[in-house]
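Chemist: Contents of structure23.cif (mmCIF, C-alpha atoms and all ligand atoms) are given next:
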```cif
data_target
#
loop_
_atom_site.label_atom_id
_atom_site.label_comp_id
_atom_site.auth_asym_id
_atom_site.auth_seq_id
_atom_site.Cartn_x
_atom_site.Cartn_y
_atom_site.Cartn_z
CA MET A 1 0.00 0.00 0.00
CA ALA A 2 2.52 2.58 1.14
CA LEU A 3 5.37 1.76 -1.25
CA ASN A 4 3.07 1.17 -4.21
CA ARG A 5 2.24 4.85 -3.86
CA TYR A 6 5.78 5.70 -5.00
CA ARG A 7 5.46 3.83 -8.27
CA PRO A 8 4.76 7.02 -10.31
CA ALA A 9 7.76 8.72 -8.63
CA VAL A 10 10.21 5.97 -9.71
CA LYS A 11 8.58 5.29 -13.08
CA GLY A 12 10.81 7.74 -14.97
CA TYR A 13 14.03 6.24 -13.53
CA LEU A 14 12.89 2.71 -14.31
CA GLU A 15 12.08 3.73 -17.89
CA ALA A 16 15.53 5.33 -18.25
CA ILE A 17 17.14 2.01 -17.29
CA VAL A 18 14.85 0.02 -19.54
CA ARG A 19 15.23 2.08 -22.73
CA PRO A 20 18.72 0.79 -23.65
CA LEU A 21 17.61 -2.73 -22.69
CA ALA A 22 14.68 -2.47 -25.11
CA LYS A 23 17.15 -1.84 -27.96
CA THR A 24 18.91 -5.15 -27.29
CA GLY A 25 15.73 -7.05 -28.13
CA LEU A 26 15.46 -8.47 -24.61
CA SER A 27 11.85 -9.48 -23.96
CA PRO A 28 9.92 -8.80 -20.71
CA ASN A 29 9.72 -12.55 -20.08
CA HIS A 30 13.53 -12.82 -20.38
CA LEU A 31 13.82 -10.11 -17.76
CA THR A 32 11.33 -11.91 -15.51
CA VAL A 33 13.46 -15.07 -15.70
CA ILE A 34 16.66 -13.08 -15.03
CA GLY A 35 15.01 -11.39 -12.03
CA LEU A 36 14.11 -14.77 -10.56
CA MET A 37 17.65 -16.10 -11.09
CA ILE A 38 19.10 -13.09 -9.24
CA SER A 39 16.64 -13.53 -6.36
CA LEU A 40 17.48 -17.24 -6.17
CA ALA A 41 21.16 -16.29 -5.95
CA GLY A 42 20.20 -14.02 -3.04
CA ALA A 43 18.37 -16.92 -1.38
CA TYR A 44 21.46 -19.12 -1.80
CA LEU A 45 23.64 -16.45 -0.21
CA PHE A 46 21.29 -16.37 2.78
CA TYR A 47 21.71 -20.14 3.03
CA ARG A 48 25.48 -19.57 3.07
CA GLY A 49 25.01 -17.06 5.89
CA GLU A 50 26.22 -14.10 3.82
CA GLN A 51 23.44 -11.71 4.79
CA PHE A 52 24.96 -8.46 3.59
CA THR A 53 25.77 -9.71 0.09
CA ALA A 54 22.43 -11.51 -0.05
CA ALA A 55 20.67 -8.21 0.69
CA LEU A 56 22.47 -6.42 -2.14
CA VAL A 57 21.73 -9.23 -4.59
CA LEU A 58 18.09 -9.32 -3.50
CA LEU A 59 17.84 -5.56 -3.93
CA PHE A 60 19.20 -5.91 -7.45
CA GLY A 61 16.74 -8.77 -8.13
CA SER A 62 13.88 -6.58 -6.87
CA LEU A 63 14.96 -3.82 -9.21
CA VAL A 64 14.86 -6.24 -12.15
CA ASP A 65 11.44 -7.35 -10.93
CA ALA A 66 10.24 -3.80 -11.26
CA LEU A 67 11.87 -3.52 -14.71
CA ASP A 68 10.14 -6.39 -16.53
CA GLY A 69 6.72 -4.72 -16.31
CA THR A 70 8.26 -1.38 -17.24
CA LEU A 71 9.87 -2.96 -20.33
CA ALA A 72 6.59 -4.66 -21.25
CA ARG A 73 4.65 -1.41 -21.06
CA LEU A 74 7.31 0.67 -22.82
CA THR A 75 7.58 -1.72 -25.77
CA GLY A 76 3.87 -2.56 -25.97
CA LYS A 77 4.64 -6.18 -25.10
CA THR A 78 2.45 -6.65 -22.04
CA SER A 79 0.89 -10.08 -22.05
CA ARG A 80 -1.42 -12.06 -19.81
CA PHE A 81 1.12 -14.86 -19.66
CA GLY A 82 3.82 -12.35 -18.73
CA ALA A 83 1.68 -11.13 -15.82
CA PHE A 84 1.11 -14.74 -14.73
CA LEU A 85 4.82 -15.54 -15.02
CA ASP A 86 5.81 -12.41 -13.08
CA SER A 87 3.44 -13.21 -10.20
CA THR A 88 4.37 -16.91 -10.15
CA PHE A 89 8.07 -16.13 -10.06
CA ASP A 90 7.42 -13.59 -7.27
CA ARG A 91 6.05 -16.47 -5.19
CA ILE A 92 9.03 -18.73 -5.98
CA SER A 93 11.38 -15.91 -5.01
CA ASP A 94 9.47 -15.12 -1.77
CA GLY A 95 9.51 -18.79 -0.73
CA ALA A 96 13.13 -19.37 -1.70
CA VAL A 97 14.37 -16.33 0.24
CA LEU A 98 12.65 -17.41 3.46
CA PHE A 99 13.75 -21.01 2.88
CA GLY A 100 17.35 -19.86 2.37
CA ILE A 101 17.23 -17.81 5.56
CA ALA A 102 15.82 -20.77 7.53
CA LEU A 103 18.21 -23.28 5.98
CA GLY A 104 21.13 -20.99 6.78
CA ASN A 105 20.03 -21.06 10.43
CA LEU A 106 19.71 -17.29 10.42
CA VAL A 107 16.33 -17.57 12.16
CA ASP A 108 14.26 -20.23 13.88
CA TRP A 109 12.61 -22.23 11.04
CA LYS A 110 9.24 -22.04 12.86
CA VAL A 111 9.26 -18.24 12.62
CA ALA A 112 10.32 -18.48 8.97
CA PHE A 113 7.40 -20.80 8.33
CA ILE A 114 4.91 -18.38 9.93
CA ALA A 115 6.36 -15.55 7.79
CA PHE A 116 6.21 -17.78 4.71
CA MET A 117 2.58 -18.74 5.32
CA GLY A 118 1.56 -15.13 5.95
CA SER A 119 3.36 -13.90 2.84
CA TYR A 120 1.79 -16.53 0.59
CA LEU A 121 -1.66 -15.93 2.08
CA VAL A 122 -1.42 -12.19 1.45
CA SER A 123 -0.68 -12.80 -2.23
CA TYR A 124 -3.24 -15.60 -2.53
CA GLU A 125 -5.99 -13.44 -1.05
CA ARG A 126 -5.37 -10.74 -3.63
CA CYS A 127 -5.43 -13.24 -6.48
CA ARG A 128 -8.57 -15.04 -5.22
CA ALA A 129 -10.50 -11.87 -4.39
CA GLU A 130 -9.66 -10.30 -7.74
CA LEU A 131 -10.84 -13.48 -9.46
CA ALA A 132 -14.12 -13.14 -7.55
CA GLY A 133 -14.47 -9.57 -8.83
CA SER A 134 -13.19 -7.40 -5.96
CA GLY A 135 -11.13 -5.15 -8.24
CA THR A 136 -7.45 -4.58 -7.39
CA LEU A 137 -6.90 -5.71 -3.79
CA ALA A 138 -3.53 -4.04 -3.26
CA VAL A 139 -4.28 -3.21 0.38
CA GLY A 140 -2.60 -3.80 3.71
CA ILE A 141 0.44 -2.61 5.63
CA SER A 142 2.78 -5.26 4.30
CA GLU A 143 2.53 -5.92 0.61
CA ARG A 144 5.38 -7.61 -1.21
CA ALA A 145 7.51 -4.49 -1.67
CA GLU A 146 7.35 -3.75 2.08
CA ARG A 147 8.15 -7.35 3.01
CA LEU A 148 11.14 -7.39 0.67
CA LEU A 149 12.49 -4.08 1.88
CA ILE A 150 12.18 -5.17 5.54
CA LEU A 151 14.23 -8.30 4.81
CA ILE A 152 16.77 -6.34 2.74
CA ILE A 153 17.31 -3.56 5.29
CA THR A 154 17.59 -5.92 8.28
CA ALA A 155 19.96 -8.19 6.34
CA LEU A 156 22.15 -5.18 5.48
CA VAL A 157 22.68 -4.68 9.24
CA ARG A 158 23.15 -8.46 9.58
CA HIS A 159 19.96 -8.99 11.51
CA VAL A 160 17.65 -10.61 9.00
CA ASP A 161 16.26 -12.61 11.95
CA TYR A 162 14.55 -9.40 13.12
CA GLY A 163 13.31 -8.91 9.58
CA VAL A 164 11.68 -12.33 9.49
CA TYR A 165 10.00 -11.70 12.86
CA ILE A 166 8.66 -8.36 11.61
CA VAL A 167 7.46 -9.90 8.33
CA ALA A 168 5.76 -12.73 10.24
CA VAL A 169 3.75 -10.22 12.27
CA LEU A 170 3.02 -7.66 9.54
CA ALA A 171 2.12 -10.23 6.90
CA TRP A 172 -0.48 -11.77 9.20
CA ILE A 173 -1.91 -8.33 9.98
CA THR A 174 -2.17 -7.82 6.21
CA VAL A 175 -3.92 -11.19 5.87
CA PHE A 176 -6.71 -9.89 8.12
CA GLN A 177 -6.76 -6.46 6.45
CA ARG A 178 -7.27 -8.12 3.06
CA MET A 179 -9.88 -10.47 4.47
CA TRP A 180 -11.82 -7.47 5.74
CA ALA A 181 -11.43 -5.57 2.46
CA ALA A 182 -12.57 -8.64 0.51
CA TYR A 183 -15.58 -9.03 2.83
CA GLN A 184 -16.60 -5.43 2.22
CA ARG A 185 -16.25 -5.68 -1.54
CA LEU A 186 -17.58 -9.18 -2.18
CA ARG A 187 -20.34 -9.83 0.35
C1 LIG B 201 22.68 -3.28 -5.20
C2 LIG B 201 22.74 -2.52 -6.47
C3 LIG B 201 23.57 -3.21 -7.47
C4 LIG B 201 21.39 -2.25 -7.04
C5 LIG B 201 20.79 -1.06 -6.41
C6 LIG B 201 19.58 -0.62 -7.12
C7 LIG B 201 18.78 0.36 -6.30
C8 LIG B 201 18.84 1.74 -6.84
C9 LIG B 201 17.45 -0.25 -6.05
C10 LIG B 201 16.20 0.47 -6.39
C11 LIG B 201 15.11 -0.53 -6.37
C12 LIG B 201 13.71 -0.03 -6.53
C13 LIG B 201 13.44 0.84 -7.71
C14 LIG B 201 12.76 -1.20 -6.61
C15 LIG B 201 12.61 -1.91 -5.34
C16 LIG B 201 11.23 -2.45 -5.22
C17 LIG B 201 11.18 -3.66 -4.36
C18 LIG B 201 11.39 -3.37 -2.91
C19 LIG B 201 9.92 -4.38 -4.56
C20 LIG B 201 9.86 -5.15 -5.82
O1 LIG B 201 8.57 -5.20 -6.30
C21 LIG B 201 8.58 -5.26 -7.69
C22 LIG B 201 7.35 -4.72 -8.29
C23 LIG B 201 6.33 -5.84 -8.30
O2 LIG B 201 5.07 -5.42 -8.07
P1 LIG B 201 3.83 -6.25 -8.65
O3 LIG B 201 2.61 -5.43 -8.34
O4 LIG B 201 4.02 -6.71 -10.04
O5 LIG B 201 3.83 -7.60 -7.83
C24 LIG B 201 2.66 -8.11 -7.27
C25 LIG B 201 3.01 -8.54 -5.88
O6 LIG B 201 3.96 -9.55 -5.90
C26 LIG B 201 1.76 -9.02 -5.19
O7 LIG B 201 2.16 -9.52 -3.93
P2 LIG B 201 1.37 -9.12 -2.59
O8 LIG B 201 -0.08 -9.35 -2.91
O9 LIG B 201 1.68 -7.71 -2.29
O10 LIG B 201 1.88 -10.08 -1.58
C27 LIG B 201 1.03 -10.13 -5.93
O11 LIG B 201 -0.22 -10.33 -5.35
C28 LIG B 201 0.87 -9.82 -7.39
O12 LIG B 201 0.49 -11.01 -8.03
C29 LIG B 201 2.16 -9.31 -8.03
O13 LIG B 201 1.90 -8.99 -9.33
O14 LIG B 201 6.96 -3.53 -7.66
C30 LIG B 201 7.62 -2.42 -8.23
C31 LIG B 201 7.14 -1.12 -7.75
C32 LIG B 201 7.53 -0.82 -6.34
C33 LIG B 201 6.38 -1.02 -5.45
C34 LIG B 201 8.06 0.59 -6.26
C35 LIG B 201 8.55 0.89 -4.89
C36 LIG B 201 9.44 2.03 -4.90
C37 LIG B 201 10.13 2.23 -3.59
C38 LIG B 201 10.00 3.64 -3.17
C39 LIG B 201 11.50 1.73 -3.74
C40 LIG B 201 12.44 2.28 -2.72
C41 LIG B 201 13.72 1.58 -2.89
C42 LIG B 201 14.84 2.30 -2.23
C43 LIG B 201 15.38 3.41 -3.07
C44 LIG B 201 15.91 1.28 -1.99
C45 LIG B 201 16.74 1.65 -0.80
C46 LIG B 201 16.88 0.46 0.04
C47 LIG B 201 17.98 0.58 1.04
C48 LIG B 201 18.23 -0.78 1.52
C49 LIG B 201 17.72 1.52 2.16
N1 LIG B 202 7.13 -10.66 -18.33
C1 LIG B 202 6.21 -9.73 -18.02
C2 LIG B 202 6.23 -9.04 -16.81
C3 LIG B 202 5.27 -8.10 -16.56
N2 LIG B 202 4.32 -7.83 -17.49
C4 LIG B 202 3.29 -6.81 -17.22
O1 LIG B 202 3.69 -5.91 -16.19
C5 LIG B 202 2.87 -6.06 -15.02
C6 LIG B 202 3.71 -6.06 -13.77
O2 LIG B 202 4.44 -4.89 -13.74
P1 LIG B 202 5.61 -4.63 -12.65
O3 LIG B 202 6.01 -3.23 -12.89
O4 LIG B 202 4.98 -4.81 -11.34
O5 LIG B 202 6.67 -5.61 -12.93
C7 LIG B 202 2.10 -7.36 -15.25
O6 LIG B 202 0.84 -7.34 -14.62
C8 LIG B 202 1.98 -7.41 -16.76
O7 LIG B 202 0.94 -6.59 -17.20
C9 LIG B 202 4.31 -8.51 -18.69
O8 LIG B 202 3.44 -8.28 -19.56
N3 LIG B 202 5.27 -9.46 -18.94
MG MG B 203 7.68 -7.37 -12.28
MG MG B 204 8.02 -10.26 -10.33
#
```
Could you quickly redo this structure as structure tokens?

Modeler:
Amino acid sequence: MALNRYRPAVKGYLEAIVRPLAKTGLSPNHLTVIGLMISLAGAYLFYRGEQFTAALVLLFGSLVDALDGTLARLTGKTSRFGAFLDSTFDRISDGAVLFGIALGNLVDWKVAFIAFMGSYLVSYERCRAELAGSGTLAVGISERAERLLILIITALVRHVDYGVYIVAVLAWITVFQRMWAAYQRLR
């Protein structure tokens, strides 16, 4: 909710990065795949216990994640499959990052699991409610951009364990915020 508000403010910068990429013939789907690979590398670095580097790699992966849609829109290549691929790869990345953190013993796996479940539920609720006709359900205090930034910032100070705790709490608050919003729009 909060960070999504800054989309228009960063749009121009994202387009400036994407313009030269568009000339290379790179497709939005290529960029989506590259973004996932970078995020998976970040997850692996978490597993290796290298929090600081993992955070930088994940930040770069998140940037690429914001670029694929920008490239699609700029080149008139938006597609329904591209949207599906982008969202599906977001879920793989979200799961892999928390799995990497847990596997690297950077946090109690039980807390990681609660954060994982909350994160997936938040995204699932949006998808399911929109399918039922709610209109865009981008609501709640901890959407994906917020969750990612919390993990990135806490990992940069080598305390991603705090980040996972925060995500576990905020994601579940968001679960109930989205449930309420869906109730109001769909009842
Ligand atoms: C390390 C260096 C080599 C690289 C450094 C590069 C930097 C300059 C980085 C800038 C990055 C910045 C521009 C982008 C970061 C955004 C990132 C935090 C979030 C990534 O989201 C990508 C994108 C996806 O949105 P989308 O709607 O397509 O995704 C939906 C989402 O997954 C839904 O999940 P949920 O329901 O919410 O759970 C799904 O339901 C949907 O299916 C799915 O489609 O979003 C892009 C737009 C962002 C929201 C824009 C945010 C702008 C912020 C103001 C960025 C602020 C970044 C700071 C400058 C970075 C400083 C960090 C530092 C650590 C202090
Ligand atoms: N391979 C892709 C990726 C994205 N899109 C389109 O962009 C939207 C997501 O934009 P982001 O800025 O959040 O990345 C998505 O819903 C699609 O419309 C695409 O077509 N192909
Ligand atoms: Mg994207
Ligand atoms: Mg994505």

Chemist: Taking only C-alpha atoms and all ligand atoms into account, which residues have an atom no farther than 8 Å from ligand LIG 202 (chain B)? I'd like them as a ChimeraX atom specification.

Modeler: /A:27-32,65-73,77-87

Chemist: Need the shell around A:Ala181: protein/DNA/RNA residues with any atom at most 12 Å away, counting all atoms listed in the file. Skip same-chain ones fewer than 5 positions apart. Format as a PyMOL selection string?

Modeler: chain A and resi 125-126+129-130+134-140+174-176+186-187

Chemist: Considering only C-alpha atoms and all ligand atoms, give me a table of residues in chain A that are at most 6 Å from ligand LIG 201 (chain B), with the closest atom pair and distance in Å for each, as CSV.

Modeler:
```
residue,atom,partner,partner_atom,distance
A:Leu3,CA,B:LIG201,C35,4.9
A:Asn4,CA,B:LIG201,C33,4.2
A:Tyr6,CA,B:LIG201,C38,5.0
A:Arg7,CA,B:LIG201,C34,4.6
A:Leu56,CA,B:LIG201,C1,4.4
A:Leu59,CA,B:LIG201,C1,5.5
A:Phe60,CA,B:LIG201,C4,4.3
A:Ser62,CA,B:LIG201,C20,4.4
A:Leu63,CA,B:LIG201,C14,4.3
A:Asp65,CA,B:LIG201,C21,4.8
A:Ala66,CA,B:LIG201,C21,4.2
A:Ser87,CA,B:LIG201,O12,4.3
A:Asp90,CA,B:LIG201,O6,5.5
A:Val122,CA,B:LIG201,O10,5.0
A:Ser123,CA,B:LIG201,O8,3.6
A:Arg126,CA,B:LIG201,O11,5.4
A:Glu143,CA,B:LIG201,O9,3.5
A:Arg144,CA,B:LIG201,O9,3.9
A:Ala145,CA,B:LIG201,C19,3.8
A:Leu148,CA,B:LIG201,C18,5.4
A:Leu149,CA,B:LIG201,C18,5.0
A:Ile152,CA,B:LIG201,C48,5.9
A:Ile153,CA,B:LIG201,C48,4.8
```

Chemist: Next, the residues of the selection above should be written as a short mmCIF file (atom, residue, chain, number, x, y, z; two decimals), in the frame of the given file with C-alpha atoms.

Modeler:
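What landed in again26.cif:
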```
data_model
loop_
_atom_site.label_atom_id
_atom_site.label_comp_id
_atom_site.auth_asym_id
_atom_site.auth_seq_id
_atom_site.Cartn_x
_atom_site.Cartn_y
_atom_site.Cartn_z
CA LEU A 3 5.37 1.76 -1.25
CA ASN A 4 3.07 1.17 -4.21
CA TYR A 6 5.78 5.70 -5.00
CA ARG A 7 5.46 3.83 -8.27
CA LEU A 56 22.47 -6.42 -2.14
CA LEU A 59 17.84 -5.56 -3.93
CA PHE A 60 19.20 -5.91 -7.45
CA SER A 62 13.88 -6.58 -6.87
CA LEU A 63 14.96 -3.82 -9.21
CA ASP A 65 11.44 -7.35 -10.93
CA ALA A 66 10.24 -3.80 -11.26
CA SER A 87 3.44 -13.21 -10.20
CA ASP A 90 7.42 -13.59 -7.27
CA VAL A 122 -1.42 -12.19 1.45
CA SER A 123 -0.68 -12.80 -2.23
CA ARG A 126 -5.37 -10.74 -3.63
CA GLU A 143 2.53 -5.92 0.61
CA ARG A 144 5.38 -7.61 -1.21
CA ALA A 145 7.51 -4.49 -1.67
CA LEU A 148 11.14 -7.39 0.67
CA LEU A 149 12.49 -4.08 1.88
CA ILE A 152 16.77 -6.34 2.74
CA ILE A 153 17.31 -3.56 5.29
#
```

Chemist: From the options A:Val64, A:Leu21, A:Ile173, A:Leu58, which residue's atoms come nearest to ligand MG 203 (chain B), counting all atoms listed in the file?

Modeler: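 For ligand MG 203 (chain B), the nearest of the given residues is A:Val64.
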
Chemist: At a cut-off of 9 Å from (15.0, -18.2, -7.6) in the coordinates of the file, what residues are picked up using all atoms listed in the file, written as a compact mmCIF listing (two decimals) with C-alpha atoms, keeping the file's coordinate frame?

Modeler:
```txt
# COMPACT_ATOMS: atom_id res chain seq x y z
CA VAL A 33 13.46 -15.07 -15.70
CA GLY A 35 15.01 -11.39 -12.03
CA LEU A 36 14.11 -14.77 -10.56
CA MET A 37 17.65 -16.10 -11.09
CA ILE A 38 19.10 -13.09 -9.24
CA SER A 39 16.64 -13.53 -6.36
CA LEU A 40 17.48 -17.24 -6.17
CA ALA A 41 21.16 -16.29 -5.95
CA GLY A 42 20.20 -14.02 -3.04
CA ALA A 43 18.37 -16.92 -1.38
CA TYR A 44 21.46 -19.12 -1.80
CA PHE A 89 8.07 -16.13 -10.06
CA ASP A 90 7.42 -13.59 -7.27
CA ILE A 92 9.03 -18.73 -5.98
CA SER A 93 11.38 -15.91 -5.01
CA ASP A 94 9.47 -15.12 -1.77
CA GLY A 95 9.51 -18.79 -0.73
CA ALA A 96 13.13 -19.37 -1.70
CA VAL A 97 14.37 -16.33 0.24
```

Chemist: Within 9 Å of A:Trp172, counting all atoms listed in the file, which residues show up once you throw out same-chain ones fewer than 6 positions away? Write them as a tab-separated table (two decimals) with C-alpha atoms, keeping the file's coordinate frame, please.

Modeler:
```tsv
chain	number	residue	atom	x	y	z
A	114	ILE	CA	4.91	-18.38	9.93
A	115	ALA	CA	6.36	-15.55	7.79
A	117	MET	CA	2.58	-18.74	5.32
A	118	GLY	CA	1.56	-15.13	5.95
A	119	SER	CA	3.36	-13.90	2.84
A	121	LEU	CA	-1.66	-15.93	2.08
A	122	VAL	CA	-1.42	-12.19	1.45
A	142	SER	CA	2.78	-5.26	4.30
```

Chemist: Would you compute an axis-aligned box for stretch 6-15 of chain A, covering every atom listed for it in the file with 4 Å of margin on each side, and report centre and edge lengths in Å to one decimal as AutoDock Vina command-line options?

Modeler:
```
--center_x 9.4 --center_y 5.7 --center_z -11.4 --size_x 17.3 --size_y 14.0 --size_z 20.9
```

Chemist: Quick one: everything within 10 Å of A:Ala112, counting all atoms listed in the file, minus sequence neighbours fewer than 3 positions away in the same chain. Send it as a ChimeraX atom specification.

Modeler: /A:95,97-103,106-109,115-118,161,164-165,167-168

Chemist: Rounded to one decimal in Å, what is the spacing between atom CA of A:Phe46 and atom CA of A:Gly104?

Modeler: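 Those two atoms sit 6.1 Å apart.
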
Chemist: Out of A:Ala55, A:Leu74, A:Leu45, A:Ile150, which residue has the shortest atom-to-atom distance to A:Val18 when counting all atoms listed in the file?

Modeler: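 Closest residue, counting all atoms listed in the file: A:Leu74.
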
Chemist: Between A:Arg128, A:Arg158, A:Arg91, A:Arg147, which one has atoms that come closest to ligand MG 203 (chain B), using all atoms listed in the file?

Modeler: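 Using all atoms listed in the file, the shortest distance to ligand MG 203 (chain B) belongs to A:Arg91.
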
Chemist: Nearest to A:Gly61: which of A:Gly25, A:Ile34, A:Arg48, A:Asn105 is it, counting only C-alpha atoms?

Modeler: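 So, comparing all the options, the nearest one is A:Ile34.
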
Chemist: When distances are computed from all atoms listed in the file, which of A:Ala182, A:Ala2, A:Val10, A:Val169 shows the smallest separation from A:Leu131?

Modeler: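 Distance minimum relative to A:Leu131 lands on A:Ala182.
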
Chemist: Just how far from atom CA of A:Thr53 is atom CA of A:Val157, in Å to one decimal?

Modeler: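 Interatomic distance, atom CA of A:Val157 to atom CA of A:Thr53: 10.9 Å.
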
Chemist: Give me, please, the distance in Å between atom CA of A:Gly76 and atom CA of A:Val57, quoted to one decimal.

Modeler: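 These atoms are spaced 28.6 Å apart.
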
Chemist: Using all atoms listed in the file, pick whichever of A:Thr88, A:Thr75, A:Leu14, A:Tyr183 has the shortest atom-to-atom distance to ligand MG 204 (chain B).

Modeler: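 Ranked by minimum distance to ligand MG 204 (chain B), first place goes to A:Thr88.
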